[in-house]
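Listing of entry.json; format and content: JSON, C-alpha atoms.
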```json
[["chain", "number", "residue", "atom", "x", "y", "z"],
["A", 1, "MET", "CA", 8.85, -15.78, -5.52],
["A", 2, "ASN", "CA", 9.20, -12.12, -4.71],
["A", 3, "LEU", "CA", 8.44, -9.99, -1.69],
["A", 4, "TRP", "CA", 4.85, -9.32, -2.72],
["A", 5, "LEU", "CA", 4.01, -12.98, -3.16],
["A", 6, "TRP", "CA", 5.60, -13.82, 0.19],
["A", 7, "PHE", "CA", 3.43, -11.26, 1.92],
["A", 8, "ALA", "CA", 0.34, -12.46, 0.06],
["A", 9, "GLY", "CA", 1.13, -15.94, 1.39],
["A", 10, "LEU", "CA", 1.58, -14.47, 4.84],
["A", 11, "LEU", "CA", -1.73, -12.63, 4.67],
["A", 12, "LEU", "CA", -3.96, -15.44, 3.42],
["A", 13, "PRO", "CA", -3.85, -17.53, 6.65],
["A", 14, "ALA", "CA", -5.41, -14.50, 8.38],
["A", 15, "LEU", "CA", -8.63, -15.85, 6.86],
["A", 16, "ILE", "CA", -8.52, -18.79, 9.30],
["A", 17, "PRO", "CA", -9.67, -16.81, 12.39],
["A", 18, "CYS", "CA", -12.42, -15.29, 10.25],
["A", 19, "GLY", "CA", -13.46, -18.79, 9.19],
["A", 20, "ILE", "CA", -13.61, -19.96, 12.80],
["A", 21, "VAL", "CA", -15.95, -17.09, 13.71],
["A", 22, "LEU", "CA", -18.00, -17.80, 10.58],
["A", 23, "LEU", "CA", -18.49, -21.38, 11.72],
["A", 24, "ARG", "CA", -19.05, -20.81, 15.42],
["A", 25, "GLY", "CA", -20.28, -17.26, 16.00],
["A", 26, "GLN", "CA", -23.71, -15.76, 16.32],
["A", 27, "ILE", "CA", -25.31, -14.44, 13.18],
["A", 28, "LEU", "CA", -24.06, -10.85, 13.34],
["A", 29, "GLU", "CA", -20.64, -11.98, 14.53],
["A", 30, "ARG", "CA", -20.52, -14.07, 11.36],
["A", 31, "PHE", "CA", -21.34, -10.99, 9.31],
["A", 32, "VAL", "CA", -18.44, -9.10, 10.91],
["A", 33, "ALA", "CA", -16.11, -12.02, 10.19],
["A", 34, "LEU", "CA", -17.34, -12.06, 6.59],
["A", 35, "GLN", "CA", -16.52, -8.38, 6.19],
["A", 36, "MET", "CA", -13.06, -8.97, 7.64],
["A", 37, "ALA", "CA", -12.52, -11.87, 5.25],
["A", 38, "GLN", "CA", -13.46, -9.61, 2.33],
["A", 39, "ILE", "CA", -10.94, -7.00, 3.44],
["A", 40, "VAL", "CA", -8.17, -9.58, 3.81],
["A", 41, "THR", "CA", -9.01, -11.06, 0.41],
["A", 42, "VAL", "CA", -8.87, -7.68, -1.32],
["A", 43, "LEU", "CA", -5.50, -6.93, 0.26],
["A", 44, "ALA", "CA", -4.15, -10.35, -0.71],
["A", 45, "MET", "CA", -5.35, -9.79, -4.28],
["A", 46, "LEU", "CA", -3.53, -6.44, -4.41],
["A", 47, "LEU", "CA", -0.34, -8.12, -3.26],
["A", 48, "LEU", "CA", -0.75, -10.95, -5.77],
["A", 49, "ALA", "CA", -1.42, -8.46, -8.55],
["A", 50, "GLU", "CA", 1.78, -6.61, -7.78],
["A", 51, "GLY", "CA", 3.70, -9.85, -7.31],
["A", 52, "TYR", "CA", 2.68, -11.23, -10.68],
["A", 53, "HIS", "CA", 3.04, -7.84, -12.42],
["A", 54, "ARG", "CA", -0.39, -8.19, -13.99],
["A", 55, "ASP", "CA", -2.33, -4.97, -14.28],
["A", 56, "ILE", "CA", -5.63, -6.79, -14.84],
["A", 57, "TYR", "CA", -5.47, -8.45, -11.41],
["A", 58, "PHE", "CA", -5.83, -5.04, -9.80],
["A", 59, "ASP", "CA", -9.25, -4.86, -11.46],
["A", 60, "MET", "CA", -10.37, -7.97, -9.57],
["A", 61, "ALA", "CA", -9.40, -6.43, -6.25],
["A", 62, "LEU", "CA", -11.15, -3.19, -7.19],
["A", 63, "VAL", "CA", -14.35, -4.99, -8.23],
["A", 64, "LEU", "CA", -14.39, -7.00, -5.01],
["A", 65, "ALA", "CA", -13.81, -3.89, -2.91],
["A", 66, "VAL", "CA", -16.60, -2.03, -4.65],
["A", 67, "LEU", "CA", -19.09, -4.94, -4.62],
["A", 68, "ALA", "CA", -18.45, -5.77, -0.96],
["A", 69, "PHE", "CA", -20.23, -2.56, -0.04],
["A", 70, "PRO", "CA", -23.72, -3.25, -1.47],
["A", 71, "ALA", "CA", -23.40, -6.92, -0.54],
["A", 72, "GLY", "CA", -22.79, -5.97, 3.06],
["A", 73, "LEU", "CA", -25.71, -3.55, 3.05],
["A", 74, "VAL", "CA", -28.04, -6.24, 1.68],
["A", 75, "PHE", "CA", -26.91, -8.65, 4.39],
["A", 76, "VAL", "CA", -27.44, -6.02, 7.07],
["A", 77, "ARG", "CA", -30.90, -5.20, 5.75],
["A", 78, "PHE", "CA", -31.94, -8.84, 5.95],
["A", 79, "LEU", "CA", -30.38, -9.28, 9.39],
["A", 80, "GLU", "CA", -32.14, -6.19, 10.64],
["A", 81, "ARG", "CA", -35.62, -7.10, 9.48],
["A", 82, "TRP", "CA", -36.23, -10.67, 8.47],
["A", 83, "LEU", "CA", -33.66, -13.06, 9.88],
["B", 1, "MET", "CA", 18.43, -2.64, -0.91],
["B", 2, "THR", "CA", 17.41, 0.83, -1.92],
["B", 3, "ALA", "CA", 15.59, 3.24, 0.34],
["B", 4, "ALA", "CA", 12.34, 2.67, -1.59],
["B", 5, "GLU", "CA", 12.59, -1.10, -1.10],
["B", 6, "ILE", "CA", 13.15, -0.65, 2.63],
["B", 7, "VAL", "CA", 10.11, 1.60, 2.86],
["B", 8, "ILE", "CA", 8.02, -0.90, 0.84],
["B", 9, "LEU", "CA", 9.15, -3.74, 3.12],
["B", 10, "ALA", "CA", 8.27, -1.74, 6.22],
["B", 11, "LEU", "CA", 4.83, -0.88, 4.82],
["B", 12, "LEU", "CA", 4.11, -4.50, 3.92],
["B", 13, "ILE", "CA", 5.18, -5.71, 7.37],
["B", 14, "LEU", "CA", 2.95, -3.10, 8.94],
["B", 15, "ALA", "CA", -0.01, -4.06, 6.73],
["B", 16, "ALA", "CA", 0.39, -7.77, 7.45],
["B", 17, "GLY", "CA", 0.72, -7.13, 11.18],
["B", 18, "ILE", "CA", -2.39, -4.96, 11.25],
["B", 19, "CYS", "CA", -4.44, -7.53, 9.31],
["B", 20, "TRP", "CA", -3.33, -10.38, 11.52],
["B", 21, "MET", "CA", -4.07, -8.45, 14.70],
["B", 22, "CYS", "CA", -7.51, -7.51, 13.44],
["B", 23, "SER", "CA", -8.31, -11.09, 12.41],
["B", 24, "LEU", "CA", -7.24, -12.38, 15.79],
["B", 25, "GLY", "CA", -9.17, -9.58, 17.45],
["B", 26, "ILE", "CA", -12.35, -10.65, 15.69],
["B", 27, "LEU", "CA", -11.75, -14.19, 16.92],
["B", 28, "VAL", "CA", -10.90, -13.27, 20.50],
["B", 29, "MET", "CA", -13.25, -10.41, 21.31],
["B", 30, "HIS", "CA", -16.72, -11.10, 22.66],
["B", 31, "GLY", "CA", -19.78, -9.39, 21.34],
["B", 32, "VAL", "CA", -20.65, -7.78, 18.04],
["B", 33, "TYR", "CA", -19.83, -4.24, 19.08],
["B", 34, "ASP", "CA", -16.30, -5.17, 20.14],
["B", 35, "LYS", "CA", -15.70, -7.20, 17.01],
["B", 36, "LEU", "CA", -16.89, -4.36, 14.80],
["B", 37, "HIS", "CA", -14.06, -2.16, 16.00],
["B", 38, "TYR", "CA", -11.53, -4.44, 14.33],
["B", 39, "LEU", "CA", -12.85, -3.84, 10.83],
["B", 40, "ALA", "CA", -11.55, -0.30, 10.68],
["B", 41, "PRO", "CA", -7.78, -0.77, 11.13],
["B", 42, "ALA", "CA", -7.59, -3.55, 8.56],
["B", 43, "GLY", "CA", -9.84, -1.81, 6.08],
["B", 44, "ILE", "CA", -8.28, 1.62, 6.32],
["B", 45, "LEU", "CA", -4.74, 1.37, 7.70],
["B", 46, "GLY", "CA", -3.93, -1.97, 6.10],
["B", 47, "THR", "CA", -5.18, -0.81, 2.73],
["B", 48, "LEU", "CA", -3.36, 2.51, 3.14],
["B", 49, "CYS", "CA", -0.04, 0.74, 3.78],
["B", 50, "ILE", "CA", -0.42, -1.58, 0.80],
["B", 51, "ALA", "CA", -1.62, 1.25, -1.42],
["B", 52, "ALA", "CA", 1.40, 3.32, -0.41],
["B", 53, "ALA", "CA", 3.73, 0.40, -1.11],
["B", 54, "VAL", "CA", 2.22, -0.22, -4.55],
["B", 55, "PHE", "CA", 2.24, 3.49, -5.32],
["B", 56, "ILE", "CA", 5.92, 3.78, -4.39],
["B", 57, "ARG", "CA", 6.67, 0.84, -6.68],
["B", 58, "GLU", "CA", 4.38, 1.71, -9.59],
["B", 59, "GLY", "CA", 4.03, 5.45, -9.42],
["B", 60, "PHE", "CA", 1.15, 7.24, -11.09],
["B", 61, "THR", "CA", 0.29, 4.42, -13.51],
["B", 62, "ALA", "CA", -2.96, 2.51, -14.07],
["B", 63, "SER", "CA", -2.03, 0.11, -11.27],
["B", 64, "GLY", "CA", -1.28, 2.91, -8.88],
["B", 65, "VAL", "CA", -4.58, 4.63, -9.63],
["B", 66, "LYS", "CA", -6.52, 1.38, -9.19],
["B", 67, "VAL", "CA", -4.99, 0.83, -5.77],
["B", 68, "LEU", "CA", -5.98, 4.35, -4.78],
["B", 69, "LEU", "CA", -9.52, 3.59, -5.97],
["B", 70, "VAL", "CA", -9.57, 0.49, -3.74],
["B", 71, "LEU", "CA", -8.47, 2.67, -0.83],
["B", 72, "GLY", "CA", -11.20, 5.16, -1.66],
["B", 73, "ALA", "CA", -13.81, 2.39, -1.83],
["B", 74, "PHE", "CA", -12.85, 1.15, 1.62],
["B", 75, "LEU", "CA", -12.68, 4.67, 3.06],
["B", 76, "ILE", "CA", -16.28, 5.22, 2.00],
["B", 77, "SER", "CA", -17.78, 1.79, 2.61],
["B", 78, "ASN", "CA", -16.10, 0.67, 5.83],
["B", 79, "PRO", "CA", -17.65, 3.23, 8.20],
["B", 80, "ILE", "CA", -21.08, 2.89, 6.60],
["B", 81, "ILE", "CA", -21.08, -0.92, 6.88],
["B", 82, "THR", "CA", -19.82, -0.76, 10.46],
["B", 83, "GLN", "CA", -22.51, 1.68, 11.47],
["B", 84, "ALA", "CA", -25.23, -0.30, 9.67],
["B", 85, "ALA", "CA", -24.15, -3.52, 11.38],
["B", 86, "ALA", "CA", -24.19, -1.84, 14.79],
["B", 87, "VAL", "CA", -27.70, -0.49, 14.16],
["B", 88, "ALA", "CA", -28.87, -3.92, 12.98],
["B", 89, "HIS", "CA", -27.50, -5.49, 16.15],
["B", 90, "LYS", "CA", -29.25, -2.88, 18.29],
["B", 91, "ILE", "CA", -32.56, -3.52, 16.50],
["B", 92, "ARG", "CA", -32.19, -7.27, 16.94],
["B", 93, "ASP", "CA", -31.32, -6.81, 20.61],
["B", 94, "SER", "CA", -34.33, -4.57, 21.22],
["B", 95, "ARG", "CA", -36.59, -7.03, 19.40],
["B", 96, "ARG", "CA", -35.26, -9.82, 21.59],
["B", 97, "SER", "CA", -35.75, -7.80, 24.78],
["B", 98, "ASN", "CA", -39.35, -7.02, 23.75],
["B", 99, "VAL", "CA", -40.04, -10.72, 23.34],
["B", 100, "GLU", "CA", -38.28, -11.86, 26.50],
["B", 101, "PRO", "CA", -40.50, -10.06, 29.10],
["B", 102, "GLU", "CA", -43.29, -12.52, 28.15],
["B", 103, "LYS", "CA", -41.12, -15.36, 29.31],
["B", 104, "GLN", "CA", -40.37, -13.78, 32.66],
["B", 105, "PRO", "CA", -42.40, -15.03, 35.67]]
```
What does the file become when written as structure tokens?
Amino acid sequence: MNLWLWFAGLLLPALIPCGIVLLRGQILERFVALQMAQIVTVLAMLLLAEGYHRDIYFDMALVLAVLAFPAGLVFVRFLERWL
Amino acid sequence: MTAAEIVILALLILAAGICWMCSLGILVMHGVYDKLHYLAPAGILGTLCIAAAVFIREGFTASGVKVLLVLGAFLISNPIITQAAAVAHKIRDSRRSNVEPEKQP
């Protein structure tokens, strides 16, 4: 265990409040919690990538960060018009 | 501990603190507009702190550049998503208020 892995382990439980809002909130509150969960996940992945000294793991965090954008826009479009 | 390690530790503590506060803020705050405010610090400041920590450790390598790209992705996408969500909530609210007058006596 190194510092980076410790902080990744410290960061991951921050998903629990997001999960509570995802279960109990109204529909747009759930969307906000989902976006927060994506941010926390990307940051945890960056920490894990540095902790394990694997360059390829940074690619996973980058892909998630980039794909979260159009995914969020699609959700918002549906929430705006049809749901 | 070297000076760089102390700076990295401070940045990681700051990033974790920001993310935790934002997660708890999303849980505690009422209403979509208030919750939306908590996306920005985690997405921008938290990512900036971790990117700085990784960049101090790795330097200008492939890993360092990828972390900067993640920061750039969040810098661009976070405000757009926040604004789009606020507009969607406003549209849903106005749709609901147009329906509700029919129910009023």
| field | 7 Å contacts from chain A to chain B using only C-alpha atoms, as a list in words | value |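 Listing them in order of chain and number gives Leu11, Ala14, Pro17, Cys18, Val21, Leu28, Glu29, Val32, Ala33, Met36, Ile39, Val40, Leu43, Asp55, Phe58, Leu62, Ala65, Val66, Phe69, Gly72, Leu73, Val76, Leu79 and Glu80 of chain A.
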| field | Residue among A:Leu83, A:Ala71, A:Ala37, A:Ala61 lying closest to Ala49 of chain A, counting all atoms listed in the file | value |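 Of the candidates, the smallest distance to Ala49 of chain A is held by A:Ala61.
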| field | Computed interatomic separation between atom CA of Asn2 of chain A and atom CA of Ala4 of chain B (Å) | value |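 These two atoms are separated by 15.4 Å.
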| field | Coordinates-based distance that separates atom CA of Met45 of chain A from atom CA of Asp59 of chain A (Å, one decimal) | value |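 Spanning atom CA of Asp59 of chain A to atom CA of Met45 of chain A is a straight-line distance of 9.5 Å.
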